[in-house]
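Coordinates as given in start.txt (compact mmCIF, C-alpha atoms):
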# COMPACT_ATOMS: atom_id res chain seq x y z
CA MET V 1 0.00 0.00 0.00
CA GLN V 2 1.44 3.38 -1.05
CA ILE V 3 1.28 5.77 1.91
CA ARG V 4 2.64 9.31 1.72
CA GLY V 5 5.35 8.27 -0.71
CA VAL V 6 6.28 5.06 1.10
CA ASP V 7 5.34 1.44 0.34
CA TYR V 8 3.85 -0.16 3.46
CA HIS V 9 3.27 -3.88 3.92
CA ILE V 10 -0.12 -4.42 5.56
CA VAL V 11 -1.98 -7.62 6.38
CA GLU V 12 -5.71 -7.68 7.07
CA THR V 13 -7.37 -10.50 9.01
CA LYS V 14 -11.14 -10.35 8.67
CA ALA V 15 -13.25 -10.86 11.77
CA LYS V 16 -15.21 -14.10 12.06
CA SER V 17 -18.17 -12.13 13.43
CA ASN V 18 -20.16 -9.52 11.53
CA THR V 19 -18.44 -6.61 13.24
CA ARG V 20 -16.83 -3.82 11.26
CA ALA V 21 -14.72 -2.70 14.22
CA THR V 22 -10.97 -2.52 13.53
CA LEU V 23 -7.96 -3.37 15.69
CA LEU V 24 -4.59 -1.99 14.56
CA LEU V 25 -1.58 -3.96 15.85
CA LEU V 26 1.91 -2.42 16.03
CA HIS V 27 5.06 -4.47 16.56
CA GLY V 28 8.28 -3.58 18.39
CA PHE V 29 11.80 -2.77 17.19
CA THR V 30 13.18 -5.57 14.94
CA GLY V 31 9.65 -6.99 14.60
CA SER V 32 7.09 -7.24 11.81
CA HIS V 33 3.42 -7.97 11.14
CA ALA V 34 4.20 -11.60 12.06
CA THR V 35 4.78 -10.59 15.70
CA TYR V 36 1.11 -11.16 16.50
CA ASP V 37 0.52 -14.33 14.46
CA THR V 38 -0.13 -16.50 17.53
CA ILE V 39 -2.82 -14.24 19.01
CA LEU V 40 -4.61 -13.21 15.80
CA PRO V 41 -6.91 -16.27 15.88
CA ILE V 42 -8.14 -15.11 19.30
CA LEU V 43 -8.55 -11.44 18.43
CA ALA V 44 -10.06 -12.02 14.98
CA GLN V 45 -13.04 -13.71 16.59
CA ASP V 46 -14.37 -10.21 17.21
CA TRP V 47 -12.19 -7.75 15.32
CA HIS V 48 -11.05 -6.85 11.84
CA CYS V 49 -7.30 -6.97 12.56
CA VAL V 50 -4.78 -4.85 10.66
CA THR V 51 -1.11 -5.67 11.18
CA VAL V 52 1.59 -3.42 9.73
CA ASP V 53 5.31 -3.66 9.05
CA LEU V 54 6.33 -0.30 10.51
CA LEU V 55 8.67 2.01 8.63
CA GLY V 56 12.14 0.52 8.18
CA HIS V 57 10.99 -2.97 9.15
CA SER V 58 10.61 -6.19 7.18
CA LYS V 59 8.69 -5.63 3.90
CA THR V 60 7.92 -1.92 4.37
CA ASP V 61 10.23 0.67 2.79
CA SER V 62 13.37 1.93 4.55
CA PRO V 63 13.86 5.59 3.55
CA GLU V 64 17.31 7.13 3.94
CA ASN V 65 15.98 10.35 5.45
CA LEU V 66 15.96 10.03 9.26
CA GLU V 67 13.28 12.72 9.57
CA ARG V 68 10.85 10.42 7.78
CA TYR V 69 11.05 8.00 10.73
CA ARG V 70 9.95 10.55 13.34
CA LEU V 71 7.05 9.40 15.49
CA GLU V 72 4.84 12.21 14.20
CA GLU V 73 5.50 11.12 10.61
CA GLN V 74 4.75 7.48 11.32
CA ALA V 75 1.57 8.41 13.21
CA ALA V 76 0.45 10.36 10.13
CA ASP V 77 1.21 7.28 8.02
CA LEU V 78 -1.01 5.12 10.23
CA ILE V 79 -3.89 7.57 9.93
CA ALA V 80 -3.44 7.53 6.15
CA ILE V 81 -3.56 3.70 6.24
CA LEU V 82 -6.83 3.80 8.19
CA ASP V 83 -8.17 6.33 5.68
CA GLN V 84 -7.34 4.07 2.74
CA LEU V 85 -9.02 1.15 4.50
CA GLY V 86 -12.13 3.24 5.15
CA VAL V 87 -11.69 3.04 8.93
CA GLN V 88 -12.99 6.06 10.82
CA ARG V 89 -12.01 4.86 14.31
CA ALA V 90 -9.84 1.98 15.48
CA SER V 91 -8.57 0.39 18.64
CA VAL V 92 -4.78 0.09 18.79
CA LEU V 93 -2.49 -2.50 20.39
CA GLY V 94 1.21 -1.70 20.50
CA TYR V 95 4.22 -3.57 21.87
CA SER V 96 7.36 -1.76 23.10
CA MET V 97 8.34 0.61 20.24
CA GLY V 98 4.92 -0.05 18.75
CA GLY V 99 3.39 0.88 22.09
CA ARG V 100 5.21 4.20 22.10
CA LEU V 101 3.90 4.82 18.59
CA ALA V 102 0.38 3.75 19.62
CA LEU V 103 0.42 6.22 22.49
CA GLY V 104 1.67 8.96 20.18
CA LEU V 105 -1.07 8.10 17.69
CA ALA V 106 -3.72 8.32 20.41
CA THR V 107 -2.31 11.63 21.66
CA LEU V 108 -2.05 13.26 18.23
CA TYR V 109 -5.25 11.82 16.73
CA THR V 110 -7.45 11.20 19.76
CA GLU V 111 -10.71 11.37 17.82
CA ARG V 112 -9.61 8.42 15.62
CA ILE V 113 -8.84 5.99 18.46
CA SER V 114 -11.51 4.00 20.33
CA ALA V 115 -9.30 2.12 22.79
CA LEU V 116 -5.59 1.81 23.51
CA MET V 117 -3.56 -1.21 24.65
CA LEU V 118 0.09 -0.70 25.58
CA GLN V 119 2.26 -3.78 26.11
CA SER V 120 5.68 -3.29 27.73
CA ALA V 121 5.63 0.32 26.57
CA SER V 122 6.43 3.79 27.86
CA PRO V 123 5.51 7.42 27.12
CA GLY V 124 9.17 8.16 26.45
CA LEU V 125 11.72 9.81 28.72
CA ALA V 126 10.59 12.68 30.91
CA SER V 127 13.68 14.90 31.04
CA ARG V 128 15.82 16.43 28.30
CA GLN V 129 18.95 15.02 29.95
CA GLU V 130 17.54 11.49 29.82
CA ARG V 131 16.56 11.91 26.18
CA GLU V 132 19.98 13.26 25.20
CA ALA V 133 21.74 10.37 26.94
CA ARG V 134 19.49 7.86 25.21
CA ILE V 135 20.06 9.46 21.81
CA LEU V 136 23.82 8.99 22.27
CA LYS V 137 23.26 5.37 23.28
CA ASP V 138 21.05 4.73 20.24
CA MET V 139 23.59 6.42 17.94
CA THR V 140 26.27 4.08 19.26
CA LEU V 141 24.01 1.10 18.60
CA ALA V 142 23.22 2.39 15.10
CA ASP V 143 26.96 2.69 14.36
CA LYS V 144 27.42 -0.94 15.44
CA ILE V 145 24.68 -2.04 13.06
CA LYS V 146 26.37 -0.11 10.23
CA THR V 147 29.83 -1.52 10.87
CA GLN V 148 29.04 -5.06 12.06
CA GLY V 149 25.85 -5.87 10.15
CA VAL V 150 22.41 -7.11 11.11
CA ALA V 151 23.42 -10.67 12.06
CA SER V 152 26.00 -9.49 14.58
CA PHE V 153 23.56 -6.94 15.98
CA VAL V 154 20.81 -9.56 16.39
CA ALA V 155 23.17 -11.89 18.25
CA GLU V 156 23.99 -9.06 20.68
CA TRP V 157 20.36 -7.89 20.91
CA GLU V 158 19.18 -11.37 21.92
CA ARG V 159 21.60 -11.37 24.85
CA LEU V 160 20.06 -8.28 26.45
CA PRO V 161 18.70 -8.93 29.98
CA LEU V 162 15.37 -7.56 28.70
CA PHE V 163 14.92 -10.74 26.64
CA ALA V 164 16.39 -13.28 29.09
CA THR V 165 12.98 -14.86 29.74
CA GLN V 166 12.78 -15.87 26.07
CA LEU V 167 15.44 -18.50 26.79
CA LYS V 168 12.71 -20.50 28.54
CA LEU V 169 10.74 -20.80 25.32
CA SER V 170 10.82 -23.78 22.99
CA GLN V 171 13.52 -23.86 20.35
CA SER V 172 10.94 -23.46 17.58
CA VAL V 173 9.50 -20.29 19.14
CA GLN V 174 12.99 -18.85 19.69
CA GLU V 175 13.85 -19.58 16.06
CA LYS V 176 10.67 -17.81 14.87
CA VAL V 177 11.56 -14.71 16.90
CA ARG V 178 15.13 -14.81 15.58
CA ALA V 179 13.94 -15.14 11.99
CA GLU V 180 11.79 -12.05 12.43
CA ARG V 181 14.78 -10.11 13.74
CA MET V 182 17.03 -11.35 10.97
CA ASN V 183 14.52 -10.31 8.31
CA GLN V 184 15.53 -6.66 8.70
CA ARG V 185 17.76 -4.27 6.77
CA MET V 186 20.58 -2.20 8.14
CA ILE V 187 19.24 1.08 6.79
CA GLY V 188 15.80 0.47 8.29
CA LEU V 189 17.05 -0.36 11.79
CA VAL V 190 19.41 2.61 11.79
CA GLY V 191 16.62 4.90 10.60
CA SER V 192 14.22 3.62 13.21
CA LEU V 193 16.72 4.14 16.02
CA GLY V 194 17.61 7.63 14.83
CA GLY V 195 14.13 8.82 13.97
CA MET V 196 11.94 7.36 16.69
CA GLY V 197 14.14 5.77 19.31
CA THR V 198 13.12 6.37 22.93
CA GLY V 199 15.38 9.41 23.10
CA ALA V 200 14.36 10.87 19.76
CA GLN V 201 10.61 10.69 20.31
CA PRO V 202 8.64 13.36 22.20
CA SER V 203 7.85 12.68 25.86
CA PHE V 204 4.13 12.04 26.37
CA TRP V 205 4.19 11.96 30.17
CA GLY V 206 2.63 15.41 30.34
CA GLU V 207 -0.16 14.38 27.95
CA LEU V 208 -1.36 11.38 29.96
CA PRO V 209 -3.74 13.23 32.34
CA ASN V 210 -5.63 14.61 29.32
CA LEU V 211 -5.88 11.31 27.43
CA ARG V 212 -9.41 10.09 28.09
CA ILE V 213 -9.29 7.04 25.83
CA PRO V 214 -9.86 3.71 27.65
CA THR V 215 -6.38 2.27 28.08
CA LEU V 216 -5.13 -1.21 28.98
CA LEU V 217 -1.57 -1.45 30.31
CA LEU V 218 0.11 -4.87 30.11
CA ALA V 219 3.42 -6.00 31.58
CA GLY V 220 5.18 -9.25 32.47
CA GLN V 221 5.97 -9.71 36.14
CA GLU V 222 9.59 -10.55 35.36
CA ASP V 223 10.00 -7.24 33.51
CA GLN V 224 10.24 -5.04 36.61
CA LYS V 225 11.28 -1.90 34.75
CA PHE V 226 8.15 -1.86 32.60
CA CYS V 227 5.92 -2.94 35.48
CA GLY V 228 7.06 0.24 37.22
CA ILE V 229 6.45 2.35 34.12
CA ALA V 230 2.97 0.85 33.70
CA LEU V 231 2.08 1.63 37.32
CA ALA V 232 3.24 5.23 36.90
CA MET V 233 1.18 5.54 33.72
CA LYS V 234 -1.89 4.12 35.44
CA LYS V 235 -1.66 6.83 38.09
CA ALA V 236 -1.47 9.54 35.43
CA LEU V 237 -4.15 8.27 33.03
CA PRO V 238 -7.82 9.10 33.70
CA ASP V 239 -9.13 5.75 32.45
CA ALA V 240 -6.63 2.89 32.67
CA LYS V 241 -6.51 -0.74 33.75
CA TYR V 242 -3.23 -2.51 34.54
CA ILE V 243 -2.70 -6.27 34.08
CA THR V 244 0.44 -8.25 34.88
CA PHE V 245 1.32 -11.74 33.63
CA SER V 246 3.21 -14.31 35.66
CA ASN V 247 6.02 -16.30 34.05
CA ALA V 248 6.54 -13.58 31.44
CA GLY V 249 8.99 -10.79 30.75
CA HIS V 250 9.01 -8.10 28.06
CA THR V 251 7.46 -10.19 25.25
CA ILE V 252 4.21 -11.34 26.87
CA HIS V 253 2.55 -12.08 23.53
CA VAL V 254 5.33 -14.59 22.78
CA GLU V 255 5.83 -16.02 26.26
CA GLN V 256 2.15 -16.28 27.29
CA PRO V 257 0.25 -15.90 24.00
CA GLU V 258 -3.04 -17.49 25.03
CA ALA V 259 -3.34 -15.62 28.34
CA PHE V 260 -2.30 -12.39 26.62
CA GLY V 261 -4.71 -12.84 23.71
CA TYR V 262 -7.72 -13.55 25.90
CA ALA V 263 -6.88 -10.72 28.31
CA VAL V 264 -6.84 -8.26 25.39
CA ARG V 265 -9.98 -9.78 23.83
CA ASN V 266 -11.98 -9.74 27.09
CA TRP V 267 -11.02 -6.15 27.90
CA LEU V 268 -11.85 -5.02 24.37
CA ARG V 269 -15.27 -6.64 24.60
CA ILE V 270 -16.02 -4.42 27.61
CA ARG V 271 -14.15 -1.21 26.78
CA GLY V 272 -13.30 -1.36 23.09
CA GLY V 273 -16.46 0.12 21.63
CA ILE V 274 -16.96 -2.84 19.32
CA ASN V 275 -20.21 -1.38 17.99
CA ASN V 276 -18.69 2.04 17.38
CA GLY V 277 -15.69 1.30 15.16
CA LEU V 278 -15.86 1.26 11.39
Please express the file's structure as structure tokens.
Amino acid sequence: MQIRGVDYHIVETKAKSNTRATLLLLHGFTGSHATYDTILPILAQDWHCVTVDLLGHSKTDSPENLERYRLEEQAADLIAILDQLGVQRASVLGYSMGGRLALGLATLYTERISALMLQSASPGLASRQEREARILKDMTLADKIKTQGVASFVAEWERLPLFATQLKLSQSVQEKVRAERMNQRMIGLVGSLGGMGTGAQPSFWGELPNLRIPTLLLAGQEDQKFCGIALAMKKALPDAKYITFSNAGHTIHVEQPEAFGYAVRNWLRIRGGINNGL
């Protein structure tokens, strides 16, 4: 799909019910539309699901201009995608980087979003000093990707403590996650880090008290950092529910797919405005 001068790879999964309500699913850094394959059968019982390869990832274009990767630009792309699909309002589920983008989308285009689900996500970094330090860290990582290549980067990325709980998964699941990471291009990963890394994106902490969209916050109990962020977000948001998952870390949808899928589905049935979306 051609969107604002960029070719986006989009996969639609039609709902098994008669609903016209739409759920937009956004993957994390090094992910793709395939991130949510295991939970789509659960969610598509009720929802028309739209999964997207975000800019610089998998089958979607990887522009050279870093400015094109800015969160505001990608949010505008997502709205253009919904427009082309004839969707007036959608619920949005985002994981990690995709969660930051989902929150930005809901903040910038509140009237287009029915419900918001943020998995292992944050509103960004609150202070300028934190953002500047993170930008330097992401620039260093981007340089490594340029000089050492994607395969070397993926090997190092998988060893991060953030993903340690994935070592408990079956070999076949670990291989699927690795294949998704390996199916990336250097220019796309570098662009994503530079344009909408955690340091480069705007901080949305100050916007949370004004965001009156029903919001579901999800975190794995073994991911203490993001449990803390989710709790802080819950305090700031006017309408938020927080769910934790035992025996799971950062990638709940991979580590506990059935529990995650049904938690999202059940909450959406109550708060997702299934009769309001188009």
Near-V:Leu108 list (12 Å; only C-alpha atoms; drop same-chain fewer than 6 positions) as a list in words: Leu71, Glu72, Glu73, Gln74, Ala75, Ala76, Leu78, Ile79, Leu101, Ala102, Pro202, Phe204, Glu207, Leu208, Asn210 and Leu211 of chain V
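Residues having any atom no farther than 12 Å from (17.5, -11.9, 25.8) (counting only C-alpha atoms) are V:Val154, V:Ala155, V:Glu156, V:Trp157, V:Glu158, V:Arg159, V:Leu160, V:Pro161, V:Leu162, V:Phe163, V:Ala164, V:Thr165, V:Gln166, V:Leu167, V:Lys168, V:Leu169, V:Gln174, V:Val177, V:Arg178, V:Asp223, V:Gly249, V:His250, V:Thr251.
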List the neighbours of V:Thr38 out to 8 Å using all atoms listed in the file; skip same-chain residues closer than 6 positions along the sequence, and give me the result as an NGL selection string. :V and (253-254 or 257)
Output C-alpha atoms for every residue in that selection, as a compact mmCIF listing (two decimals), in the frame of the given file.
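Output saved as selection-v7.txt:
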# COMPACT_ATOMS: atom_id res chain seq x y z
CA HIS V 253 2.55 -12.08 23.53
CA VAL V 254 5.33 -14.59 22.78
CA PRO V 257 0.25 -15.90 24.00
Can you tell me which residues surround V:Met117 at a distance of at most 12 Å, considering only C-alpha atoms, apart from same-chain residues fewer than 6 positions away, and format the answer as a ChimeraX atom specification? /V:23-26,90-96,98-103,105-106,213-219,230,239-243,260-261,263-265,267-268,271-272
Between atom CA of V:Cys49 and atom CA of V:Asn266, measure the distance and give it in Å to one decimal. 15.5 Å
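Distance check against V:Pro238 using all atoms listed in the file: of V:Lys144, V:Gly197, V:Ser170, V:Arg212, the minimum falls on V:Arg212.
The closest residue to V:Ile145, picked from V:Ala200, V:Leu193, V:Ala179, V:Leu116 and counting only C-alpha atoms, is V:Leu193.
Closest approach to V:Arg4 from the set V:Arg68, V:Glu175, V:Ser17, V:Trp47 is made by V:Arg68, with distances taken over only C-alpha atoms.
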Nearest-residue call for V:Asn247, choices V:Ser114, V:Thr107, V:Gln84, V:Gln221, using only C-alpha atoms: V:Gln221
Could you state the separation of atom CA of V:Asp46 and atom CA of V:Arg89 in Å, given to one decimal place? 15.5 Å
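With atom CA of V:Ser203 on one side and atom CA of V:Glu130 on the other, the separation reads 10.5 Å.
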Counting all atoms listed in the file, the residue of V:Met1, V:Met139, V:Met97, V:Leu237 that sits nearest V:Ala80: V:Met1
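Of the residues listed (V:Asp143, V:Gly191, V:Tyr262, V:Ala232), V:Tyr262 shows the shortest atom-to-atom separation from V:Pro41; distances use all atoms listed in the file.
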